[in-house]
Amino acid sequence: MSKALQLHPDRLFPADPGTRSVARALYQSVKDLPIISPHGHTDPEWFASNAAFANASELFITPDHYVFRMFYSQGISMESLGVPTADGATVETDGRKIWRLFSENYHLLRATPSRMWLDSVFSEVFGMEQRLDASTADLYYDSINEKLATDAFKPRALFERFNIELLATTESPLDDLAHHQTILDSGWQGRVITTYRPDNVVDPDYEGFADNLAQFAELTGEDTSTWAGYLAAHRVRRAFFKDMGATATDHGHPSATTANLSTAECEALYERVRHGGASSEDAELFRGQMLTEMAGMSLDDNLVMQIHPGSFRNHNDRVFHRFGRDKGADIPSQTEYVRALKPLLDRYGNEPSLEIILFTLDETSYSRELAPLAGHYPVLRLGPPWWFHDSPEGMRRFRQQATETAGLYNTAGFNDDTRAFLSIPARHDVARRMDCTFLAELVADHRLEEDEAAELAMDLAYNLAKQAYRL
Amino acid sequence: MSKALQLHPDRLFPADPGTRSVARALYQSVKDLPIISPHGHTDPEWFASNAAFANASELFITPDHYVFRMFYSQGISMESLGVPTADGATVETDGRKIWRLFSENYHLLRATPSRMWLDSVFSEVFGMEQRLDASTADLYYDSINEKLATDAFKPRALFERFNIELLATTESPLDDLAHHQTILDSGWQGRVITTYRPDNVVDPDYEGFADNLAQFAELTGEDTSTWAGYLAAHRVRRAFFKDMGATATDHGHPSATTANLSTAECEALYERVRHGGASSEDAELFRGQMLTEMAGMSLDDNLVMQIHPGSFRNHNDRVFHRFGRDKGADIPSQTEYVRALKPLLDRYGNEPSLEIILFTLDETSYSRELAPLAGHYPVLRLGPPWWFHDSPEGMRRFRQQATETAGLYNTAGFNDDTRAFLSIPARHDVARRMDCTFLAELVADHRLEEDEAAELAMDLAYNLAKQAYRL
Amino acid sequence: MSKALQLHPDRLFPADPGTRSVARALYQSVKDLPIISPHGHTDPEWFASNAAFANASELFITPDHYVFRMFYSQGISMESLGVPTADGATVETDGRKIWRLFSENYHLLRATPSRMWLDSVFSEVFGMEQRLDASTADLYYDSINEKLATDAFKPRALFERFNIELLATTESPLDDLAHHQTILDSGWQGRVITTYRPDNVVDPDYEGFADNLAQFAELTGEDTSTWAGYLAAHRVRRAFFKDMGATATDHGHPSATTANLSTAECEALYERVRHGGASSEDAELFRGQMLTEMAGMSLDDNLVMQIHPGSFRNHNDRVFHRFGRDKGADIPSQTEYVRALKPLLDRYGNEPSLEIILFTLDETSYSRELAPLAGHYPVLRLGPPWWFHDSPEGMRRFRQQATETAGLYNTAGFNDDTRAFLSIPARHDVARRMDCTFLAELVADHRLEEDEAAELAMDLAYNLAKQAYRL
């Protein structure tokens, strides 16, 4: 009853045979390039401890909200998928049972990027030759678990097999980076660096903000009860992160709002927000001012700045209270950039040595706001399509809508932005295929010469990410 | 001088020969499936009385604002097209004269879906073999009228010929559903059901709102001068509609705003709006609260809830005063869902037995808001592209923008949403063709296997609509 | 080392061979039609004086913010590209040095429309046979300059060679139109007309607004210290512009806001804004009221009205202060039309003899707002994709998103909207190719017959622009 699982070598290429052959040739020249993964959310502990992954369900399902949200949307409870609750209430723990439920409903992922990534991993990493469905559930579960127990499937071995040249994780200033230290001390050659992501000490709406500031003071020896001391604490941690290999910061704000207040205004604002319980206006203004402050610090320490705005986090109250953050209930909303970024750009927009990479969940901004901004301001670059838009159609829309105004050299290569370590090669492969498809279409209708397309394919797959993240 | 009218068997399929042949095969398997039309605005009187349609002009032109708005936009008066005025002032009544004017200007519809639907009806329903233009106007007018007078072209005969398994109309709670009763009593096998559309007793801005509430009281025996009585009246009419076959409600609001007030707040709000003349804030809040109330009642009676927001109704003052509602002057506007739906979703978003189908006229919400919402919340499904977007390009954008995040199983099949009974097969045919085209493209670039595409083609053409509307 | 520069005859046509051959045939029938350029920003002095252009750098780089913004965004200073500063501070003046810098970085324009226009001009106007890069910089610079010095490359000769039937420039009411008078007096047959663009006497935020009103009074003999006198001054200048050949007005506002105030309110508002320093609310209201006034005057004098809203001008403070206006730092922002235009449309939307052409920089409005408005209101037409969207992908999106609802006959043909005189044929050629591609795709999937496509190709390339601008 089961069906063959075969990754077609021409997947994602244009249907027209002439265009497809151009895409194929371009792809041949980039498919084996090392992977630069300059922005993501894998757990550095994996590479520090190099412990084997537990089993197929814990690897693919319970931690991946890209996957289980779809099942939840179709009435399958998160408990039955083994997603842990916030208060430790019992959920399904039998990995095989979870895997069977997942397999029976695997068709729900048809035509989604999750399906494509999963099939790639099943085929290329685990050598599965039949499609996943109810009839092959046990075969998959046993085969995968068996392999996971072997040395060849431990994190560092996979890192090397995946040909990853560099992998960046994301940590908060309160993180001690012990796992990164362990990796550095281990003598292992894999390059895993951190990224400075200060949301929990920058966003007054973050859970435990006041406590976080206290811990921030303790870690840095700076007096975070004053604006000056608070900024100094950032400088201390940024320097530490940079020493540990970081080349970038990352900022996940609800909007792209920036501000440019006087020192006196900043001091007063900080006093109002630092105890927690800030008004939503003050919280927004503070986050906005902090983006400008972070840009100023980047000017000093050369860390590249990433702005990831526009997600309404934890939209589902009940899910948030039962399961906590990052459970598939973050919903994008309209995001304005032109007025929002002006205060920051008025202050730092023309600095030759500053670099800010902009992301969006609001695709309407590609052609209307982001491409015109990036096609003018020296400090701005566009990040790749993000999150829900890290998908074939999302990538196509990004290139089609941003390129004519921003060009290709104002973009930043690909980010996988993932917690799902095993999917990293599949995600980069999708991006390389879609970029080759985009370039092949420009060649096919004679907007670009083939030699130029070949150069660009290399830039988009490898060079631009290294440049953009100063690697 | 006249030209051949031939519907090409491959219309709307992809140009690439390989992809086209996949689309063609998929389409072969679904083209003859019965039609499920779970949301529309045909007149139940047609099926109750089964009287012959009067003539070509009264059938195709004067009642169809999709059609005459385009002629009006090009300077042809509505009076000359026979569109009746609100005060009964004289308009053209000579059907042949109207038909000739229409025929001379038929080129104005080139490249629009109206043109495609009309040509389909002319060819497939009336057997016309020449294109409509000035030279064939009389031929058309005479041939169509001649056929309309025969039994084979009476509403019930066409319903059967069209292979309609089920057709839902839309009525207000104040409607006595007499036509539906007549149909039920007639012994005719055609299944025509109603839908509970309470805008005129839910929207304080509706013409005659206070009078409507009085009539609502009379019909139900409930005291609509109190909040509790008003809700009870809804329950009474919902039960009646359900008894008459309804499986769904429908809500056409200016925005997607919902609210979740306390009973005391509801009582006070109802008191402020029930006499008419509500402030626009109160009217909006009341409509928003009523969406949440309706969701609660759906939880009790299992009626599927449809929300159709985002049209600025009667935008053209002069046309509204001269001709009344629904004259082609309803203009979509920006529609926000993420914040707007939160109050309702906080209360009912995780209920396993509730189902809400969301529509939009703002295509920017597909990938940004609607697909992420539907790809998470168990109660939500996406309705098909609506109104202006019920078109080949509109359907393509919907699938390309919603599928990767929402999947295909969170969508609700096709709705024709039409008053134009004769166009129903043509509209479903366009949807089936475009869905097969979409699936064929996924097969062509190896994102989907052919056997999966075949299953999905059947789901999109037939199964999902039955499921989504609980038929 | 240099590579061949060859414009492929099939550029921009669909890749599918069958569809491509339809596009090719359509294009053959329109490619040699005369150019109607009804909206643009070339300098009438060129045609009045008929002086030779100075050199390649002054022709292609320093005045063209479409081009130099991209280099600036990649860290190349405007000074080094010879862009003149506002205060006359020294910038690079060595044309050859500028040209070399441009040539070395020419790859930055890959996949942008600027690249396509420039290559067209290099190949078709100057006969260059090698691609521009560092190795061919001097060859280009010398060849172009040599040709520019000859009679065949003077403005009038090029105008004739380009087969321009009509070219409209844009002037403010304060312009004396001396160059247009010179052209008229010269006996030269080239038709260069003006357009009434009153932003500097309509927008209270315009630099020197109060002084402009004083000059407006002087020029017209009207008392611009009163609302009535101010309106009379507009009438005087409109009549003068019309006498000089104008058939249209043009309005570049930050938003599409219109207003419809009483005369008393207008008088009071005018009194508040006319001295300069208006509040931003008053400035917006005044601009909005003036759109309605301009529509009323168009009803009297038959000038076609163009509205170009939605650009945040001079977004980069530092660039604005150093270099002045129009330096690539104008950024589009979200633009609402449905509520914004209602006051004007309530007053004039159904006037058979009025015509208003709407443009947008916010592509989300195509299918949501503009197509529904233009597909209903007799006074409205849609202008072609504008500015950043005057590009292959921009044109494709416009046709795909606007056509099904607005039809093709509610559009206004192509505008090049350019200051870059030499690129005019290339821009019209891109538009003709993309329209033929769009039509060929409709033919290929049988939404349109070939004879209809042929008629439409002619309309889109030539007839609609003449009609829309009443030429």
# chains A, B, ... in the order shown; residues from 1 in each chain; ligands from 1
call {"tool": "residues_around", "arguments": {"residues": "C:Gly375", "least_positions_apart": "2", "cutoff": "7 Å", "atoms": "only C-alpha atoms", "output": "PyMOL selection string"}}
result
(chain B and resi 69-70+73) or (chain C and resi 371-373+377+405-406+410)
call {"tool": "residues_around", "arguments": {"residues": "B:Ile61", "least_positions_apart": "3", "cutoff": "12 Å", "atoms": "only C-alpha atoms", "output": "NGL selection string"}}
result
:B and (55-58 or 64-72 or 78-84 or 95-103 or 106 or 114 or 118 or 327 or 419-420)
call {"tool": "write_last_selection", "arguments": {"atoms": "N, CA and C atoms", "output": "tab-separated table (two decimals), in the first residue's frame"}}
result
chain	number	residue	atom	x	y	z
B	55	ASN	N	-36.81	37.32	-20.27
B	55	ASN	CA	-36.09	37.51	-21.53
B	55	ASN	C	-34.61	37.69	-21.24
B	56	ALA	N	-33.83	37.71	-22.29
B	56	ALA	CA	-32.37	37.74	-22.14
B	56	ALA	C	-31.89	38.94	-21.33
B	57	SER	N	-32.49	40.09	-21.56
B	57	SER	CA	-32.03	41.29	-20.85
B	57	SER	C	-32.35	41.22	-19.37
B	58	GLU	N	-33.54	40.78	-19.05
B	58	GLU	CA	-33.91	40.67	-17.63
B	58	GLU	C	-33.16	39.54	-16.94
B	64	ASP	N	-27.79	42.17	-12.73
B	64	ASP	CA	-26.43	41.71	-12.42
B	64	ASP	C	-25.44	42.87	-12.35
B	65	HIS	N	-25.20	43.32	-11.13
B	65	HIS	CA	-24.33	44.49	-11.00
B	65	HIS	C	-22.88	44.18	-11.36
B	66	TYR	N	-22.49	42.93	-11.39
B	66	TYR	CA	-21.16	42.58	-11.89
B	66	TYR	C	-21.02	43.05	-13.34
B	67	VAL	N	-22.13	42.94	-14.05
B	67	VAL	CA	-22.10	43.24	-15.48
B	67	VAL	C	-22.32	44.72	-15.75
B	68	PHE	N	-23.40	45.30	-15.21
B	68	PHE	CA	-23.73	46.66	-15.67
B	68	PHE	C	-22.79	47.71	-15.08
B	69	ARG	N	-22.11	47.39	-13.93
B	69	ARG	CA	-21.17	48.38	-13.39
B	69	ARG	C	-20.07	48.72	-14.42
B	70	MET	N	-19.63	47.71	-15.18
B	70	MET	CA	-18.56	47.97	-16.14
B	70	MET	C	-19.04	48.90	-17.25
B	71	PHE	N	-20.27	48.71	-17.69
B	71	PHE	CA	-20.81	49.60	-18.72
B	71	PHE	C	-21.00	51.00	-18.16
B	72	TYR	N	-21.46	51.06	-16.92
B	72	TYR	CA	-21.65	52.37	-16.30
B	72	TYR	C	-20.31	53.09	-16.17
B	78	MET	N	-27.19	53.71	-16.50
B	78	MET	CA	-27.93	52.55	-16.01
B	78	MET	C	-29.36	52.57	-16.51
B	79	GLU	N	-29.88	53.79	-16.68
B	79	GLU	CA	-31.25	53.87	-17.20
B	79	GLU	C	-31.34	53.20	-18.57
B	80	SER	N	-30.37	53.45	-19.41
B	80	SER	CA	-30.43	52.88	-20.77
B	80	SER	C	-30.25	51.37	-20.75
B	81	LEU	N	-29.70	50.85	-19.64
B	81	LEU	CA	-29.56	49.40	-19.51
B	81	LEU	C	-30.75	48.77	-18.77
B	82	GLY	N	-31.73	49.63	-18.44
B	82	GLY	CA	-32.95	49.10	-17.84
B	82	GLY	C	-32.86	48.81	-16.35
B	83	VAL	N	-31.82	49.33	-15.70
B	83	VAL	CA	-31.72	49.10	-14.26
B	83	VAL	C	-32.81	49.91	-13.56
B	84	PRO	N	-33.67	49.27	-12.79
B	84	PRO	CA	-34.80	49.98	-12.19
B	84	PRO	C	-34.35	51.01	-11.16
B	95	GLY	N	-36.57	45.37	-23.96
B	95	GLY	CA	-35.52	44.37	-23.75
B	95	GLY	C	-34.57	44.27	-24.93
B	96	ARG	N	-35.08	44.37	-26.13
B	96	ARG	CA	-34.24	44.24	-27.31
B	96	ARG	C	-33.28	45.41	-27.43
B	97	LYS	N	-33.79	46.60	-27.11
B	97	LYS	CA	-32.95	47.80	-27.17
B	97	LYS	C	-31.81	47.69	-26.15
B	98	ILE	N	-32.16	47.22	-24.98
B	98	ILE	CA	-31.15	47.02	-23.93
B	98	ILE	C	-30.12	45.98	-24.39
B	99	TRP	N	-30.63	44.92	-24.96
B	99	TRP	CA	-29.72	43.85	-25.39
B	99	TRP	C	-28.76	44.32	-26.48
B	100	ARG	N	-29.29	45.15	-27.38
B	100	ARG	CA	-28.42	45.67	-28.44
B	100	ARG	C	-27.33	46.57	-27.87
B	101	LEU	N	-27.69	47.42	-26.95
B	101	LEU	CA	-26.69	48.31	-26.33
B	101	LEU	C	-25.61	47.48	-25.64
B	102	PHE	N	-26.06	46.46	-24.95
B	102	PHE	CA	-25.14	45.54	-24.27
B	102	PHE	C	-24.21	44.85	-25.28
B	103	SER	N	-24.79	44.39	-26.36
B	103	SER	CA	-24.03	43.63	-27.36
B	103	SER	C	-22.98	44.51	-28.05
B	106	TYR	N	-20.07	44.86	-25.72
B	106	TYR	CA	-19.66	43.62	-25.05
B	106	TYR	C	-18.13	43.52	-24.92
B	114	SER	N	-16.62	38.07	-15.95
B	114	SER	CA	-18.00	38.16	-16.44
B	114	SER	C	-18.06	37.69	-17.89
B	118	LEU	N	-20.32	34.59	-19.09
B	118	LEU	CA	-21.37	34.81	-20.08
B	118	LEU	C	-21.15	33.94	-21.31
B	327	LYS	N	-25.67	48.05	-6.48
B	327	LYS	CA	-25.64	48.54	-7.86
B	327	LYS	C	-24.20	48.70	-8.36
B	419	ARG	N	-26.01	35.78	-7.70
B	419	ARG	CA	-27.42	35.94	-8.01
B	419	ARG	C	-27.73	35.41	-9.40
B	420	ALA	N	-26.66	35.18	-10.18
B	420	ALA	CA	-26.83	34.82	-11.60
B	420	ALA	C	-26.91	33.31	-11.71
call {"tool": "closest_atom_pairs", "arguments": {"of": "chain B", "to": "chain A", "cutoff": "8 Å", "atoms": "only C-alpha atoms", "output": "CSV"}}
result
residue,atom,partner,partner_atom,distance
B:Asp16,CA,A:Asp16,CA,6.0
B:Gly18,CA,A:Ala15,CA,7.7
B:Thr19,CA,A:Ala15,CA,7.0
B:Val338,CA,A:Ser333,CA,6.6
B:Lys342,CA,A:His315,CA,7.5
B:Leu345,CA,A:Asn316,CA,7.5
B:Asp346,CA,A:Asp317,CA,6.1
B:Gly349,CA,A:Asn316,CA,7.8
B:Asn350,CA,A:Arg318,CA,7.8
B:Pro352,CA,A:Gly75,CA,6.2
B:Thr364,CA,A:Thr364,CA,6.8
B:Ser367,CA,A:Glu363,CA,8.0
B:Arg368,CA,A:Pro332,CA,5.6
B:Glu369,CA,A:Pro332,CA,6.0
B:Pro372,CA,A:Ile331,CA,5.9
B:Leu373,CA,A:Ile331,CA,6.7
B:Ala374,CA,A:Ser73,CA,6.7
B:Gly375,CA,A:Met70,CA,5.4
B:His376,CA,A:Ser73,CA,4.5
B:Tyr377,CA,A:Ser73,CA,4.9
B:Pro378,CA,A:Ser73,CA,4.1
B:Val379,CA,A:Ser73,CA,7.5
B:Leu380,CA,A:Ser73,CA,7.7
B:Gln400,CA,A:Glu393,CA,6.5
B:Gln401,CA,A:Glu393,CA,7.3
B:Thr403,CA,A:Thr112,CA,6.8
B:Glu404,CA,A:Thr112,CA,4.3
B:Thr405,CA,A:Phe388,CA,6.3
B:Ala406,CA,A:Met70,CA,7.4
B:Gly407,CA,A:Thr112,CA,6.2
B:Leu408,CA,A:Arg110,CA,7.4
B:Tyr409,CA,A:Leu108,CA,6.4
B:Asn410,CA,A:Gln74,CA,7.3
B:Glu441,CA,A:Ala15,CA,7.9
B:Leu442,CA,A:Ala111,CA,7.5
B:Ala444,CA,A:Ala15,CA,6.1
B:Asp445,CA,A:Leu12,CA,4.8
B:His446,CA,A:Arg11,CA,4.8
B:Arg447,CA,A:Ala111,CA,6.5
B:Leu448,CA,A:Ala111,CA,6.5
call {"tool": "write_last_selection", "arguments": {"atoms": "N, CA and C atoms", "output": "short mmCIF file (atom, residue, chain, number, x, y, z; two decimals), in the first residue's frame"}}
result
data_model
loop_
_atom_site.label_atom_id
_atom_site.label_comp_id
_atom_site.auth_asym_id
_atom_site.auth_seq_id
_atom_site.Cartn_x
_atom_site.Cartn_y
_atom_site.Cartn_z
N ASP B 16 2.44 25.53 -20.58
CA ASP B 16 3.47 24.50 -20.77
C ASP B 16 2.81 23.15 -21.04
N GLY B 18 3.58 19.97 -20.87
CA GLY B 18 3.63 18.91 -19.86
C GLY B 18 2.71 19.21 -18.69
N THR B 19 2.77 20.43 -18.21
CA THR B 19 1.92 20.81 -17.07
C THR B 19 0.45 20.78 -17.49
N VAL B 338 -6.27 40.27 12.65
CA VAL B 338 -5.53 39.72 13.78
C VAL B 338 -6.02 40.28 15.11
N LYS B 342 -9.59 38.78 17.75
CA LYS B 342 -9.07 38.23 19.01
C LYS B 342 -10.16 38.06 20.09
N LEU B 345 -12.02 34.95 19.32
CA LEU B 345 -11.15 33.77 19.40
C LEU B 345 -10.73 33.49 20.84
N ASP B 346 -10.54 34.53 21.62
CA ASP B 346 -10.22 34.30 23.04
C ASP B 346 -11.34 33.50 23.71
N GLY B 349 -12.12 30.29 20.30
CA GLY B 349 -11.20 29.88 19.24
C GLY B 349 -10.72 28.44 19.31
N ASN B 350 -10.87 27.79 20.46
CA ASN B 350 -10.34 26.43 20.61
C ASN B 350 -11.43 25.38 20.77
N PRO B 352 -13.69 22.54 19.80
CA PRO B 352 -13.56 21.55 18.72
C PRO B 352 -14.78 21.48 17.80
N THR B 364 -4.32 41.20 0.65
CA THR B 364 -3.07 41.28 1.43
C THR B 364 -3.16 40.45 2.70
N SER B 367 -1.75 35.90 2.99
CA SER B 367 -0.52 35.31 3.53
C SER B 367 -0.16 35.91 4.88
N ARG B 368 -0.56 37.15 5.11
CA ARG B 368 -0.12 37.83 6.33
C ARG B 368 -0.97 37.44 7.54
N GLU B 369 -2.29 37.33 7.37
CA GLU B 369 -3.15 37.17 8.53
C GLU B 369 -4.01 35.91 8.47
N PRO B 372 -2.05 32.30 8.46
CA PRO B 372 -1.52 31.98 9.79
C PRO B 372 -2.62 31.72 10.82
N LEU B 373 -3.71 32.47 10.77
CA LEU B 373 -4.80 32.23 11.71
C LEU B 373 -5.44 30.86 11.47
N ALA B 374 -5.76 30.58 10.21
CA ALA B 374 -6.43 29.31 9.90
C ALA B 374 -5.49 28.12 10.07
N GLY B 375 -4.19 28.36 9.93
CA GLY B 375 -3.21 27.30 10.13
C GLY B 375 -2.90 27.05 11.60
N HIS B 376 -3.60 27.75 12.47
CA HIS B 376 -3.43 27.49 13.91
C HIS B 376 -4.75 27.19 14.62
N TYR B 377 -5.72 28.07 14.48
CA TYR B 377 -6.96 27.92 15.27
C TYR B 377 -7.85 26.80 14.74
N PRO B 378 -8.26 25.90 15.61
CA PRO B 378 -9.12 24.79 15.15
C PRO B 378 -10.47 25.24 14.60
N VAL B 379 -10.97 26.38 15.04
CA VAL B 379 -12.32 26.78 14.59
C VAL B 379 -12.33 27.44 13.22
N LEU B 380 -11.16 27.82 12.71
CA LEU B 380 -11.15 28.64 11.49
C LEU B 380 -10.87 27.84 10.22
N GLN B 400 -1.85 30.50 -4.20
CA GLN B 400 -0.41 30.71 -4.07
C GLN B 400 -0.06 31.38 -2.73
N GLN B 401 -0.96 32.19 -2.24
CA GLN B 401 -0.62 32.96 -1.04
C GLN B 401 -1.09 32.30 0.26
N THR B 403 -1.87 28.75 0.64
CA THR B 403 -1.67 27.31 0.81
C THR B 403 -0.47 26.93 1.66
N GLU B 404 0.64 27.58 1.44
CA GLU B 404 1.86 27.14 2.13
C GLU B 404 1.73 27.25 3.65
N THR B 405 0.95 28.20 4.10
CA THR B 405 0.79 28.37 5.55
C THR B 405 -0.47 27.71 6.10
N ALA B 406 -1.57 27.81 5.37
CA ALA B 406 -2.83 27.23 5.87
C ALA B 406 -3.02 25.79 5.43
N GLY B 407 -2.25 25.34 4.46
CA GLY B 407 -2.53 24.03 3.86
C GLY B 407 -3.81 24.09 3.04
N LEU B 408 -4.18 22.96 2.44
CA LEU B 408 -5.40 22.92 1.64
C LEU B 408 -6.60 22.45 2.46
N TYR B 409 -6.34 21.73 3.54
CA TYR B 409 -7.46 21.18 4.31
C TYR B 409 -8.09 22.18 5.27
N ASN B 410 -7.48 23.36 5.40
CA ASN B 410 -8.14 24.43 6.13
C ASN B 410 -8.92 25.36 5.21
N GLU B 441 0.63 22.49 -11.41
CA GLU B 441 1.90 23.21 -11.28
C GLU B 441 2.73 22.66 -10.12
N LEU B 442 2.06 22.27 -9.05
CA LEU B 442 2.79 21.64 -7.94
C LEU B 442 3.36 20.28 -8.35
N ALA B 444 4.13 19.53 -11.48
CA ALA B 444 5.16 19.79 -12.48
C ALA B 444 6.49 20.15 -11.84
N ASP B 445 6.46 20.90 -10.75
CA ASP B 445 7.76 21.16 -10.12
C ASP B 445 8.00 20.27 -8.90
N HIS B 446 7.28 19.15 -8.89
CA HIS B 446 7.60 18.06 -7.95
C HIS B 446 7.44 18.45 -6.49
N ARG B 447 6.43 19.27 -6.23
CA ARG B 447 6.09 19.54 -4.85
C ARG B 447 4.99 18.62 -4.36
N LEU B 448 4.39 17.90 -5.29
CA LEU B 448 3.24 17.05 -4.97
C LEU B 448 3.27 15.88 -5.95
#
call {"tool": "closest_residue", "arguments": {"among": "C:Leu174, C:Leu132, C:Ala259, C:Leu167", "to": "C:Ala246", "atoms": "only C-alpha atoms"}}
result
C:Leu167
call {"tool": "atom_distance", "arguments": {"atom1": "atom CA of A:Ala268", "atom2": "atom CA of A:Leu291"}}
result
17.4 Å
call {"tool": "residues_around", "arguments": {"residues": "C:Gly383", "least_positions_apart": "5", "cutoff": "12 Å", "atoms": "only C-alpha atoms", "output": "MDAnalysis selection string"}}
result
chainID C and resid 38:39 250 304:309 355:361 366 370:371 374 389:390 395 398:399 402 406 408:417 460 464:465 468:469
call {"tool": "select_by_dssp", "arguments": {"residues": "stretch 165-359 of chain B", "states": "helix (DSSP H, G or I)", "output": "VMD selection string"}}
result
chain B and resid 178 to 186 199 to 202 209 to 220 227 to 243 263 to 273 280 to 301 317 to 323 342 to 348
call {"tool": "residues_around", "arguments": {"residues": "C:Arg156", "least_positions_apart": "4", "cutoff": "7 Å", "atoms": "only C-alpha atoms", "output": "mmCIF file with N, CA and C atoms, in the first residue's frame"}}
result
data_model
loop_
_atom_site.group_PDB
_atom_site.id
_atom_site.type_symbol
_atom_site.label_atom_id
_atom_site.label_comp_id
_atom_site.auth_asym_id
_atom_site.auth_seq_id
_atom_site.Cartn_x
_atom_site.Cartn_y
_atom_site.Cartn_z
ATOM 1 N N PHE C 47 14.313 71.056 -26.191
ATOM 2 C CA PHE C 47 13.682 71.136 -27.517
ATOM 3 C C PHE C 47 13.592 72.583 -27.998
ATOM 4 N N ASN C 50 17.566 73.195 -28.557
ATOM 5 C CA ASN C 50 18.143 72.133 -29.392
ATOM 6 C C ASN C 50 19.670 72.065 -29.283
ATOM 7 N N GLU C 160 12.627 63.088 -33.338
ATOM 8 C CA GLU C 160 12.082 62.578 -34.607
ATOM 9 C C GLU C 160 12.480 61.109 -34.817
#
call {"tool": "atom_distance", "arguments": {"atom1": "atom CA of A:Gly245", "atom2": "atom CA of A:Leu177"}}
result
10.7 Å
call {"tool": "residues_around", "arguments": {"residues": "A:Asp435", "least_positions_apart": "4", "cutoff": "9 Å", "atoms": "only C-alpha atoms", "output": "VMD selection string"}}
result
chain A and resid 23 27 395 to 396 399 430 to 431 439 to 440 457 460 to 461
call {"tool": "atom_distance", "arguments": {"atom1": "atom CA of A:Gly276", "atom2": "atom CA of A:Ala86"}}
result
22.5 Å
call {"tool": "residues_around", "arguments": {"residues": "C:Glu284", "least_positions_apart": "4", "cutoff": "10 Å", "atoms": "only C-alpha atoms", "output": "VMD selection string"}}
result
chain C and resid 203 to 205 253 to 259 278 to 280 288 to 290
call {"tool": "select_by_dssp", "arguments": {"residues": "stretch 21-218 of chain C", "states": "strand (DSSP E or B)", "output": "VMD selection string"}}
result
chain C and resid 35 to 37 130 164 to 168 171 192 to 193 196
